[in-house]
Amino acid sequence: MSIFEAIMLLCFGAAWPLSIYKSYTSRDNSGKSISFLYIILIGYIAGIIHKLFYNYDLVIYLYILNFLMVVTDIMLYYRNKGLSRT
């Protein structure tokens with residue numbers, strides 16, 4: 001297991017709960033970029049695929065956790081976009 005890869009994912013992942021909380025409570029997309037979220041999502045997918053095919057270890061769970069948090073933020077983005085139309 002790469003401790004440095006795990007630390008990187010933990011640091012990146014630390015920001016998502018706050019972003020999700022802000023999206024959920026504010027019901028606003030101010031400061032959000034859906035294209036940025038999709039780019040990050042693609043990066044996590046690439047990391048998961050790499051772990052599955054070339055270097056399977058426990059770090060894959062950090063990739064999956066971060067992936068799920070980004071998916072949650074994307075879903076909240078679309079929810080908030082729909083709410084702002086009404």
# chains A, B, ... in the order shown; residues from 1 in each chain; ligands from 1
>>> residues_around(residues="segment 43-60 of chain A", least_positions_apart="5", cutoff="8 Å", atoms="only C-alpha atoms", output="list in words")
Met1, Ser2, Glu5, Ala6, Asn66 and Phe67 of chain A
>>> select_by_dssp(residues="chain A", states="alpha helix (DSSP H)", output="JSON, numbers by chain")
{"A": [3, 4, 5, 6, 7, 8, 9, 10, 11, 12, 13, 14, 15, 16, 17, 18, 19, 20, 21, 22, 23, 24, 25, 26, 34, 35, 36, 37, 38, 39, 40, 41, 42, 43, 44, 45, 46, 47, 48, 49, 50, 51, 52, 53, 60, 61, 62, 63, 64, 65, 66, 67, 68, 69, 70, 71, 72, 73, 74, 75, 76, 77, 78, 79, 80, 81, 82, 83, 84, 85]}
>>> write_last_selection(atoms="C-alpha atoms", output="PDB file, in the first residue's frame")
ATOM      1  CA  ILE A   3       1.020   5.615   2.244  1.00  0.00           C
ATOM      2  CA  PHE A   4       1.575   8.754   0.164  1.00  0.00           C
ATOM      3  CA  GLU A   5      -1.290   7.908  -2.188  1.00  0.00           C
ATOM      4  CA  ALA A   6      -3.512   7.276   0.838  1.00  0.00           C
ATOM      5  CA  ILE A   7      -2.543  10.635   2.378  1.00  0.00           C
ATOM      6  CA  MET A   8      -3.269  12.405  -0.919  1.00  0.00           C
ATOM      7  CA  LEU A   9      -6.721  10.826  -1.138  1.00  0.00           C
ATOM      8  CA  LEU A  10      -7.471  11.614   2.504  1.00  0.00           C
ATOM      9  CA  CYS A  11      -6.516  15.247   1.960  1.00  0.00           C
ATOM     10  CA  PHE A  12      -8.567  15.554  -1.227  1.00  0.00           C
ATOM     11  CA  GLY A  13     -11.440  13.698   0.410  1.00  0.00           C
ATOM     12  CA  ALA A  14     -11.487  15.977   3.446  1.00  0.00           C
ATOM     13  CA  ALA A  15     -12.978  18.792   1.358  1.00  0.00           C
ATOM     14  CA  TRP A  16     -15.965  16.854   0.011  1.00  0.00           C
ATOM     15  CA  PRO A  17     -18.066  16.536   3.195  1.00  0.00           C
ATOM     16  CA  LEU A  18     -17.961  20.318   3.644  1.00  0.00           C
ATOM     17  CA  SER A  19     -18.875  20.871  -0.001  1.00  0.00           C
ATOM     18  CA  ILE A  20     -21.747  18.381   0.269  1.00  0.00           C
ATOM     19  CA  TYR A  21     -22.997  19.990   3.480  1.00  0.00           C
ATOM     20  CA  LYS A  22     -22.891  23.452   1.904  1.00  0.00           C
ATOM     21  CA  SER A  23     -24.746  22.237  -1.206  1.00  0.00           C
ATOM     22  CA  TYR A  24     -27.362  20.458   0.874  1.00  0.00           C
ATOM     23  CA  THR A  25     -28.082  23.246   3.340  1.00  0.00           C
ATOM     24  CA  SER A  26     -27.745  26.310   1.103  1.00  0.00           C
ATOM     25  CA  ILE A  34     -20.333  20.967 -12.815  1.00  0.00           C
ATOM     26  CA  SER A  35     -17.568  20.459 -15.375  1.00  0.00           C
ATOM     27  CA  PHE A  36     -14.973  20.540 -12.568  1.00  0.00           C
ATOM     28  CA  LEU A  37     -16.963  17.946 -10.624  1.00  0.00           C
ATOM     29  CA  TYR A  38     -17.093  15.661 -13.661  1.00  0.00           C
ATOM     30  CA  ILE A  39     -13.350  16.049 -14.275  1.00  0.00           C
ATOM     31  CA  ILE A  40     -12.656  15.056 -10.657  1.00  0.00           C
ATOM     32  CA  LEU A  41     -15.071  12.134 -11.010  1.00  0.00           C
ATOM     33  CA  ILE A  42     -13.223  10.890 -14.106  1.00  0.00           C
ATOM     34  CA  GLY A  43      -9.957  11.080 -12.168  1.00  0.00           C
ATOM     35  CA  TYR A  44     -11.353   8.941  -9.364  1.00  0.00           C
ATOM     36  CA  ILE A  45     -12.726   6.440 -11.894  1.00  0.00           C
ATOM     37  CA  ALA A  46      -9.264   6.214 -13.461  1.00  0.00           C
ATOM     38  CA  GLY A  47      -7.737   5.623 -10.023  1.00  0.00           C
ATOM     39  CA  ILE A  48     -10.245   2.863  -9.267  1.00  0.00           C
ATOM     40  CA  ILE A  49      -9.594   1.164 -12.615  1.00  0.00           C
ATOM     41  CA  HIS A  50      -5.846   1.344 -12.051  1.00  0.00           C
ATOM     42  CA  LYS A  51      -6.232  -0.235  -8.616  1.00  0.00           C
ATOM     43  CA  LEU A  52      -8.458  -3.001  -9.989  1.00  0.00           C
ATOM     44  CA  PHE A  53      -6.176  -3.979 -12.880  1.00  0.00           C
ATOM     45  CA  ILE A  60      -9.042   1.537  -3.610  1.00  0.00           C
ATOM     46  CA  TYR A  61     -11.549   2.132  -0.802  1.00  0.00           C
ATOM     47  CA  LEU A  62     -10.405   5.738  -0.486  1.00  0.00           C
ATOM     48  CA  TYR A  63     -10.912   6.186  -4.233  1.00  0.00           C
ATOM     49  CA  ILE A  64     -14.393   4.675  -3.934  1.00  0.00           C
ATOM     50  CA  LEU A  65     -15.267   6.859  -0.933  1.00  0.00           C
ATOM     51  CA  ASN A  66     -14.132  10.008  -2.730  1.00  0.00           C
ATOM     52  CA  PHE A  67     -15.977   8.896  -5.877  1.00  0.00           C
ATOM     53  CA  LEU A  68     -19.200   8.485  -3.898  1.00  0.00           C
ATOM     54  CA  MET A  69     -18.815  11.903  -2.291  1.00  0.00           C
ATOM     55  CA  VAL A  70     -18.320  13.562  -5.685  1.00  0.00           C
ATOM     56  CA  VAL A  71     -21.372  11.712  -7.057  1.00  0.00           C
ATOM     57  CA  THR A  72     -23.349  13.008  -4.065  1.00  0.00           C
ATOM     58  CA  ASP A  73     -22.180  16.561  -4.754  1.00  0.00           C
ATOM     59  CA  ILE A  74     -23.154  16.177  -8.429  1.00  0.00           C
ATOM     60  CA  MET A  75     -26.633  14.948  -7.471  1.00  0.00           C
ATOM     61  CA  LEU A  76     -27.027  17.926  -5.130  1.00  0.00           C
ATOM     62  CA  TYR A  77     -25.899  20.243  -7.915  1.00  0.00           C
ATOM     63  CA  TYR A  78     -28.752  19.037 -10.138  1.00  0.00           C
ATOM     64  CA  ARG A  79     -31.213  19.131  -7.238  1.00  0.00           C
ATOM     65  CA  ASN A  80     -30.264  22.709  -6.485  1.00  0.00           C
ATOM     66  CA  LYS A  81     -30.421  23.647 -10.160  1.00  0.00           C
ATOM     67  CA  GLY A  82     -33.980  22.327 -10.264  1.00  0.00           C
ATOM     68  CA  LEU A  83     -34.908  24.197  -7.087  1.00  0.00           C
ATOM     69  CA  SER A  84     -33.643  27.507  -8.448  1.00  0.00           C
ATOM     70  CA  ARG A  85     -36.047  27.269 -11.417  1.00  0.00           C
TER      71      ARG A  85
END
